[in-house]
Structure formats: structure tokens, C-alpha cells
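First comes the structure, then the notes that go with it.
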Amino acid sequence: MADPRPYDLVVFGATGFTGQFVVDEVAKVAEEEGGLSWAVAGRNMEKLQTVLVQSSERTGKKVEDKPIIIADVSSYQSLLDMSQQTKVVLNCVGPYRFHGEQVVKACIEGGANCVDISGEPQFLEKVQLLYSAKAKEANVYVVGSCGFDSIPVDMGVHFTRKNFKGDLNSVEGYLTLKGGEDGIAFNYATFESAVYGFAYASELANIRKSLFPDPMPRSAHRVPKRYFPFYKEDLKKWCLPFPSSDRSVVARSQRYFYDKQRQRPVQFVPYICEASLFRTICYVLFSIIFAIMSYFSVTRSVLLKFPQIFTAGMFKKDGPSLKQIKESSFSWTLFGSGYSEPLQTLMFSIRKSLIRQLQSLSVDQRLAMSPPICMVQSAMVLLKEKERIPKEGGVYTPAAVFGDSSLVKRLDKHEVTFQVHEQ
């Protein structure tokens with residue numbers, strides 16, 4: 001029996017900063033894959049039409065006549081109507097703590113898989129807590145953080161484990177941002193999500209206690225905690241802890257592999273790198289000011305109103321310029337440490353020397369284009385590789401659902417590369 005849904009993909013939030021680039025990426029991939037049906041969705045018909053016209057101009061693809069669905073997060077019925085028309089919803093509407101839950105709920109009820117690019121641990125873990133059983137019952141796949149947060153890192157840790165000649169114990173990730181002549185700038189929605197994430201960080205403790213009441217086994221070899229700037233000789237850079245959602249996402253993936261496959265959990269710690277010690281110190285000072293101002297409602301409103309001032313232009317309400325988008329990129333380098341031979345126990349009580357190290361992942365991709373590429377290729381796996389993803393629906397992390405799929409190969413073909421370098 002033919003699937004009655006007219007669309008394979010629907011880009012929801014197509015008029016947003018990231019949404020417009022997702023439209024571009026879908027237009028390219030639809031031509032590559034052949035026979036892919038898709039539509040755009042949002043609350044304003046005129047703006048959606050403009051996005052399609054502009055996408056046609058940017059990509060050279062004829063997409064201005066693509067179908068448009070009117071859907072708004074304030075109208076649950078419109079979200080349900082949208083989800084009932086497609087196999088996968090690409091949700092680009094953030095901040096997700098305010099707008100994401102109703103989309104997930106509508107997708108589950110409407111029978112559509114859902115992917116997003118959220119970097120908000122509270123939202124991601126709350127969705128897993130509240131909706132994983134419902135998604136499983138509906139055989140719907142809900143996969144968060146399918147963008148810059150956290151495909152490169154989550155899939156990178158999994159990739160490291162697969163390529164490690166021995167038994168992987170831990171991975172340290174180092175992020176380097178590369179700007180052009182006009183420096184680096186980010187989307188305002190990312191800043192907004194970070195502000196509210198810091199403001200309500202205390203919510204995570206209760207969510208995690210309910211989500212994972214039983215702790216995982218701990219390694220006898222713990223990754224050292226580094227709270228202050230340190231110099232990484234391998235990279236010739238100064239490094240600091242990176243307060244992203246990546247650590248949370250990787251931890252949830254490791255929980256999945258421990259629960260489902262009885263694999264020992266891999267520890268993961270992310271850092272951000274700078275060549276200049278002065279810029280590193282400035283980053284520390286900004287982090288302190290940012291955390292304090294995010295905590296109090298009055299200062300938080302000031303922070304949100306004037307992002308460009310408090311971030312020295314890195315975040316601004318109108319987003320990065322086209323020149324900044326073209327010239328900015330990032331790279332992740334993951335260093336994996338482990339045992340030369342597989343341990344014969346799930347427990348970590350056996351002490352063995354950590355004698356191998358593997359530099360496993362390098363990514364060099366334009367900042368603005370990495371989330372759309374990762375998001376669209378994730379959706380394609382859900383569409384094309386049902387035999388290579390878990391048999392049951394549910395709320396998943398990228399590595400948990402895509403670990404046995406061709407996602408890494410797909411990303412390699414689209415300039416998000418995973419490369420192994422033994423040391």
C-alpha cells in the first residue's frame with residue numbers, strides 16, 4: 001500500500017536564519033537523490049514564498065514553486081496537520097525550550113519522524129524523559145541535536161570507538177573556530193538558547209535524576225578535570241572547557257549503548273581552543289559576565305537586548321553577514337585514550353595502563369552550512385535506511401540512532417569529513 005503522505009520532508013521554520021540554508025540544502029539533496037518530495041512550512045505565506053525565490057537564486061535549482069504549508073507553534077492543530085503530510089519534519093524553530101515540545105508532540109501524534117538542531121540540554125533531556133515511550137509506541141523517531149550541536153562530536157566519539165585498536169576509555173574534544181577578514185559571528189537564536197540554558201541550568205538535575213535513576217559504571221581512569229586555561233602542545237593552542245550541549249548528548253549516547261549493547265561508557269570532555277592567550281583570558285572574563293547576567297532576570301533582559309555589545313560582535317540579532325558565513329569555519333579534533341586490548345568485563349575495577357592515543361576526527365566546514373548539511377543527511381538516513389537504524393521508534397541521540405548507518409559516509413561526501421590519524 002502506497003504511503004498517503006505527499007512529502008518525504010517538510011522544512012518547518014524555513015524563514016529563519018538556519019531554516020533558509022536548510023531549504024538550500026534540501027534543494028541540492030533532492031536533486032542528488034532523485035524523486036524526493038518536499039515542502040516548506042511556517043506562519044507567513046509571503047515570507048515563505050520569498051525564501052523559495054531566494055533559494056532558487058542561491059542554488060540555481062527550481063524551487064520557487066515548491067508547496068507551502070502554513071503552520072505555527074501557537075496553533076497545535078496546524079502542527080498536527082503539517083506532521084500528517086510528511087515522513088520527516090526538519091524543525092528549525094528555536095529556541096526549542098519555548099517552541100520545540102509542541103512540535104515533538106504533534107509529530108508523534110501525526111506519525112512523522114522529527115529532527116532538530118537543538119543545543120539545549122534541558123529541552124533535549126526533557127523530551128527524552130516525557131516522549132520516548134510515546135514515540136516508541138507510535139514508531140516515530142525523534143532525533144535532537146542534528147546540527148553543529150552535536151553531530152560532529154557525538155558521531156565522532158562513536159567513530160573513534162569503531163576505529164580504536166583496543167578498548168576506548170575516554171575522548172577529549174577540541175574545537176577551533178576560524179574567522180575571516182570580518183571575524184566570526186553567530187545566529188542570535190543560538191545566543192538566546194545559551195542565555196536561557198544558563199539561566200535555568202538547575203532544571204537539569206531533576207530531569208536527569210528521573211531520566212537516569214541508576215548510574216553507569218565508572219572508569220578507574222578518569223579524564224582529568226581542567227577548569228583553567230591550559231596549553232595543548234599537539235594543537236599549539238590555549239584551551240578552555242567548552243560549555244556546550246555536546247557533553248550531555250554524548251553521555252546520553254553512551255547510556256544507550258550501555259543499556260542496549262552492554263558497552264562500557266566512554267568518557268567525553270569538550271574544550272574550545274584559541275591561539276592567543278589574551279583572547280583566551282577575554283573568553284574567561286566573558287564567560288563569567290555571561291553566566292552572572294544570565295542568572296538574574298533584569299540583567300538577562302539587557303543581555304538579550306544588546307548581544308552585539310556583550311559579545312564583541314560575535315552574536316547579533318541580524319546574524320552574520322554573507323561574507324562572514326563564507327569565510328568562517330570550524331574544526332573538531334578528538335583525542336581518544338584507551339587500553340591496548342579489549343577488557344573482558346563491563347566493570348572498570350581492573351586497572352590497566354592507557355597506552356594508546358588516537359586522533360580521530362577533523363571537520364572543516366563553514367559554520368552556517370554545517371547544521372543544514374548534518375540535519376538534512378540525518379533526515380535522509382531516516383528515510384532511506386530503515387534497516388540500519390534501531391527497529392523501534394523513540395527519542396534518540398544521533399549516535400544512538402545513526403551509529404550503524406551510512407551517515408558518516410554521507411557527511412564525507414558533503415564536506416563534513418571524519419579522518420583518522422594514528423599517533
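In the C-alpha cells, each chain is lettered A, B, ... as it comes, each chain's residues begin at 1, and ligands are numbered from 1 in order of appearance.
Contact shell of Val142 in chain A at 8 Å (only C-alpha atoms; same-chain neighbours under 4 positions omitted): A:Val104, A:Asn113, A:Cys114, A:Val115, A:Ala135, A:Gly393, A:Gly394, A:Val395, A:Tyr396.
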How would the residues just chosen look if you wrote them out with all heavy atoms as a compact mmCIF listing (two decimals), in the first residue's frame?
# COMPACT_ATOMS: atom_id res chain seq x y z
N VAL A 104 7.36 18.30 18.74
CA VAL A 104 7.61 16.88 19.01
C VAL A 104 6.29 16.15 19.26
O VAL A 104 6.03 15.07 18.71
CB VAL A 104 8.55 16.72 20.22
CG1 VAL A 104 8.60 15.26 20.67
CG2 VAL A 104 9.95 17.21 19.87
N ASN A 113 8.44 11.40 11.64
CA ASN A 113 9.73 11.48 12.33
C ASN A 113 10.13 12.95 12.44
O ASN A 113 9.69 13.78 11.63
CB ASN A 113 10.79 10.70 11.56
CG ASN A 113 10.44 9.25 11.40
OD1 ASN A 113 9.97 8.61 12.35
ND2 ASN A 113 10.63 8.70 10.21
N CYS A 114 10.97 13.26 13.42
CA CYS A 114 11.32 14.65 13.67
C CYS A 114 12.80 14.78 13.98
O CYS A 114 13.33 14.03 14.82
CB CYS A 114 10.49 15.19 14.84
SG CYS A 114 10.84 16.92 15.28
N VAL A 115 13.48 15.69 13.30
CA VAL A 115 14.87 16.00 13.63
C VAL A 115 14.97 17.50 13.88
O VAL A 115 14.24 18.30 13.31
CB VAL A 115 15.85 15.59 12.50
CG1 VAL A 115 15.84 14.10 12.29
CG2 VAL A 115 15.53 16.31 11.20
N ALA A 135 6.82 7.99 21.62
CA ALA A 135 7.38 7.87 20.27
C ALA A 135 7.59 6.41 19.90
O ALA A 135 7.34 6.00 18.77
CB ALA A 135 8.69 8.64 20.19
N GLY A 393 10.89 2.91 17.34
CA GLY A 393 10.93 4.36 17.43
C GLY A 393 11.26 4.79 18.85
O GLY A 393 11.36 3.98 19.77
N GLY A 394 11.41 6.08 19.04
CA GLY A 394 11.74 6.61 20.35
C GLY A 394 12.46 7.94 20.20
O GLY A 394 12.62 8.46 19.09
N VAL A 395 12.90 8.50 21.32
CA VAL A 395 13.70 9.72 21.32
C VAL A 395 15.16 9.30 21.41
O VAL A 395 15.56 8.64 22.37
CB VAL A 395 13.32 10.65 22.48
CG1 VAL A 395 14.23 11.88 22.50
CG2 VAL A 395 11.86 11.07 22.37
N TYR A 396 15.95 9.67 20.43
CA TYR A 396 17.33 9.21 20.32
C TYR A 396 18.32 10.37 20.21
O TYR A 396 17.96 11.47 19.77
CB TYR A 396 17.49 8.34 19.07
CG TYR A 396 16.82 7.00 19.12
CD1 TYR A 396 15.54 6.82 18.59
CD2 TYR A 396 17.47 5.89 19.66
CE1 TYR A 396 14.92 5.57 18.62
CE2 TYR A 396 16.86 4.64 19.68
CZ TYR A 396 15.59 4.49 19.16
OH TYR A 396 14.98 3.26 19.19
Every residue of range 37-218 of chain A that DSSP places in alpha helix (DSSP H), as number ranges by chain: A: 45-59, 76-83, 96-110, 121-138, 151-163, 188-199, 203-211
Residues of range 365-423 of chain A at most 10 Å from range 252-275 of chain A: nearest atom pair and distance in Å, only C-alpha atoms, as JSON lines:
{"residue": "A:Tyr396", "atom": "CA", "partner": "A:Ser253", "partner_atom": "CA", "distance": 8.0}
{"residue": "A:Thr397", "atom": "CA", "partner": "A:Ser253", "partner_atom": "CA", "distance": 5.9}
{"residue": "A:Pro398", "atom": "CA", "partner": "A:Ser253", "partner_atom": "CA", "distance": 7.7}
{"residue": "A:Ala399", "atom": "CA", "partner": "A:Ser253", "partner_atom": "CA", "distance": 6.1}
{"residue": "A:Ala400", "atom": "CA", "partner": "A:Ser253", "partner_atom": "CA", "distance": 5.5}
{"residue": "A:Val401", "atom": "CA", "partner": "A:Ser253", "partner_atom": "CA", "distance": 9.1}
{"residue": "A:Gly403", "atom": "CA", "partner": "A:Ser253", "partner_atom": "CA", "distance": 9.7}
Go ahead and dump the residues you just picked, C-alpha atoms, as a PDB file, in the first residue's frame.
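Result file follows (again37.pdb):
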ATOM      1  CA  TYR A 396      17.329   9.205  20.320  1.00  0.00           C
ATOM      2  CA  THR A 397      20.685  10.926  20.177  1.00  0.00           C
ATOM      3  CA  PRO A 398      22.447  10.973  16.778  1.00  0.00           C
ATOM      4  CA  ALA A 399      24.972   8.234  17.577  1.00  0.00           C
ATOM      5  CA  ALA A 400      22.303   6.001  19.109  1.00  0.00           C
ATOM      6  CA  VAL A 401      20.105   6.027  16.009  1.00  0.00           C
ATOM      7  CA  GLY A 403      25.664   4.653  14.638  1.00  0.00           C
TER       8      GLY A 403
END
Interatomic distance, CA of Ala39 in chain A to CA of Pro67 in chain A (Å, one decimal): 4.9 Å
10 Å contact set for range 76-89 of chain A, only C-alpha atoms, chain neighbours under 3 positions out, as JSON, numbers by chain: {"A": [3, 4, 5, 6, 7, 8, 9, 10, 11, 12, 37, 38, 39, 40, 41, 42, 43, 69, 70, 71, 72, 73, 92, 102, 103, 104, 105, 106, 107, 108, 109, 110, 111, 112, 113, 114, 115, 116, 140, 141, 142, 379, 380, 382, 383]}
File of the preceding selection, N, CA and C atoms, as a tab-separated table (two decimals), in the first residue's frame:
chain	number	residue	atom	x	y	z
A	3	ASP	N	2.28	4.96	0.60
A	3	ASP	CA	2.18	5.89	1.73
A	3	ASP	C	1.36	7.09	1.29
A	4	PRO	N	0.30	7.42	2.04
A	4	PRO	CA	-0.57	8.53	1.63
A	4	PRO	C	0.05	9.91	1.86
A	5	ARG	N	1.18	9.97	2.54
A	5	ARG	CA	1.79	11.27	2.83
A	5	ARG	C	2.42	11.85	1.57
A	6	PRO	N	2.09	13.06	1.21
A	6	PRO	CA	2.58	13.62	-0.05
A	6	PRO	C	4.06	14.02	-0.03
A	7	TYR	N	4.64	14.23	1.18
A	7	TYR	CA	6.00	14.75	1.23
A	7	TYR	C	6.93	13.83	2.03
A	8	ASP	N	8.14	13.69	1.53
A	8	ASP	CA	9.18	12.99	2.28
A	8	ASP	C	9.70	13.87	3.41
A	9	LEU	N	9.91	15.16	3.10
A	9	LEU	CA	10.46	16.10	4.07
A	9	LEU	C	9.63	17.38	4.09
A	10	VAL	N	9.53	17.98	5.27
A	10	VAL	CA	8.99	19.34	5.39
A	10	VAL	C	9.96	20.14	6.25
A	11	VAL	N	10.40	21.28	5.73
A	11	VAL	CA	11.28	22.18	6.48
A	11	VAL	C	10.40	23.16	7.24
A	12	PHE	N	10.30	22.98	8.56
A	12	PHE	CA	9.48	23.85	9.39
A	12	PHE	C	10.35	24.96	9.98
A	37	SER	N	10.26	14.25	-2.54
A	37	SER	CA	9.21	15.26	-2.48
A	37	SER	C	9.32	16.04	-1.17
A	38	TRP	N	9.20	17.37	-1.25
A	38	TRP	CA	9.36	18.16	-0.03
A	38	TRP	C	8.59	19.46	-0.11
A	39	ALA	N	8.43	20.07	1.06
A	39	ALA	CA	7.70	21.33	1.16
A	39	ALA	C	8.33	22.17	2.26
A	40	VAL	N	7.95	23.43	2.31
A	40	VAL	CA	8.39	24.31	3.39
A	40	VAL	C	7.17	24.69	4.24
A	41	ALA	N	7.43	25.01	5.50
A	41	ALA	CA	6.33	25.34	6.40
A	41	ALA	C	6.73	26.48	7.32
A	42	GLY	N	5.75	27.28	7.69
A	42	GLY	CA	5.96	28.42	8.59
A	42	GLY	C	4.65	29.17	8.73
A	43	ARG	N	4.70	30.31	9.35
A	43	ARG	CA	3.45	31.00	9.64
A	43	ARG	C	3.11	32.13	8.67
A	69	ILE	N	3.22	25.03	3.43
A	69	ILE	CA	2.28	24.66	4.48
A	69	ILE	C	2.30	25.75	5.54
A	70	ILE	N	1.15	26.24	5.90
A	70	ILE	CA	1.07	27.24	6.97
A	70	ILE	C	0.95	26.52	8.31
A	71	ALA	N	1.95	26.72	9.15
A	71	ALA	CA	1.97	26.08	10.47
A	71	ALA	C	2.62	27.04	11.45
A	72	ASP	N	2.11	27.04	12.68
A	72	ASP	CA	2.55	27.99	13.70
A	72	ASP	C	2.62	27.26	15.04
A	73	VAL	N	3.67	27.50	15.81
A	73	VAL	CA	3.81	26.82	17.10
A	73	VAL	C	2.70	27.21	18.07
A	92	CYS	N	13.29	23.71	12.50
A	92	CYS	CA	14.30	24.77	12.62
A	92	CYS	C	13.82	25.93	13.49
A	102	GLN	N	5.95	21.29	21.58
A	102	GLN	CA	4.68	21.11	20.87
A	102	GLN	C	4.89	20.50	19.48
A	103	VAL	N	6.05	20.77	18.87
A	103	VAL	CA	6.36	20.17	17.57
A	103	VAL	C	6.59	18.67	17.72
A	104	VAL	N	7.36	18.30	18.74
A	104	VAL	CA	7.61	16.88	19.01
A	104	VAL	C	6.29	16.15	19.26
A	105	LYS	N	5.45	16.74	20.09
A	105	LYS	CA	4.16	16.13	20.42
A	105	LYS	C	3.31	15.94	19.17
A	106	ALA	N	3.25	16.96	18.31
A	106	ALA	CA	2.46	16.88	17.08
A	106	ALA	C	3.01	15.83	16.13
A	107	CYS	N	4.34	15.73	16.05
A	107	CYS	CA	4.95	14.74	15.16
A	107	CYS	C	4.61	13.32	15.61
A	108	ILE	N	4.68	13.10	16.91
A	108	ILE	CA	4.35	11.77	17.43
A	108	ILE	C	2.89	11.43	17.14
A	109	GLU	N	2.00	12.36	17.42
A	109	GLU	CA	0.58	12.12	17.16
A	109	GLU	C	0.31	11.98	15.66
A	110	GLY	N	1.02	12.77	14.86
A	110	GLY	CA	0.80	12.74	13.42
A	110	GLY	C	1.57	11.67	12.68
A	111	GLY	N	2.45	10.95	13.39
A	111	GLY	CA	3.18	9.85	12.77
A	111	GLY	C	4.35	10.25	11.91
A	112	ALA	N	4.93	11.45	12.15
A	112	ALA	CA	6.08	11.91	11.38
A	112	ALA	C	7.34	11.86	12.22
A	113	ASN	N	8.44	11.40	11.64
A	113	ASN	CA	9.73	11.48	12.33
A	113	ASN	C	10.13	12.95	12.44
A	114	CYS	N	10.97	13.26	13.42
A	114	CYS	CA	11.32	14.65	13.67
A	114	CYS	C	12.80	14.78	13.98
A	115	VAL	N	13.48	15.69	13.30
A	115	VAL	CA	14.87	16.00	13.63
A	115	VAL	C	14.97	17.50	13.88
A	116	ASP	N	15.88	17.87	14.79
A	116	ASP	CA	16.10	19.29	15.06
A	116	ASP	C	17.59	19.54	15.24
A	140	VAL	N	7.73	6.32	15.94
A	140	VAL	CA	8.24	7.59	15.41
A	140	VAL	C	9.64	7.83	15.99
A	141	TYR	N	10.55	8.32	15.14
A	141	TYR	CA	11.92	8.62	15.58
A	141	TYR	C	12.05	10.12	15.79
A	142	VAL	N	12.41	10.50	17.01
A	142	VAL	CA	12.66	11.90	17.34
A	142	VAL	C	14.15	12.02	17.66
A	379	ALA	N	18.09	13.32	8.18
A	379	ALA	CA	16.75	13.03	7.70
A	379	ALA	C	16.77	12.00	6.58
A	380	MET	N	17.78	12.08	5.72
A	380	MET	CA	17.87	11.13	4.61
A	380	MET	C	18.10	9.71	5.12
A	382	LEU	N	16.97	8.52	7.95
A	382	LEU	CA	15.67	8.07	8.45
A	382	LEU	C	14.76	7.63	7.30
A	383	LEU	N	14.88	8.30	6.17
A	383	LEU	CA	14.06	7.96	5.01
A	383	LEU	C	14.54	6.72	4.28
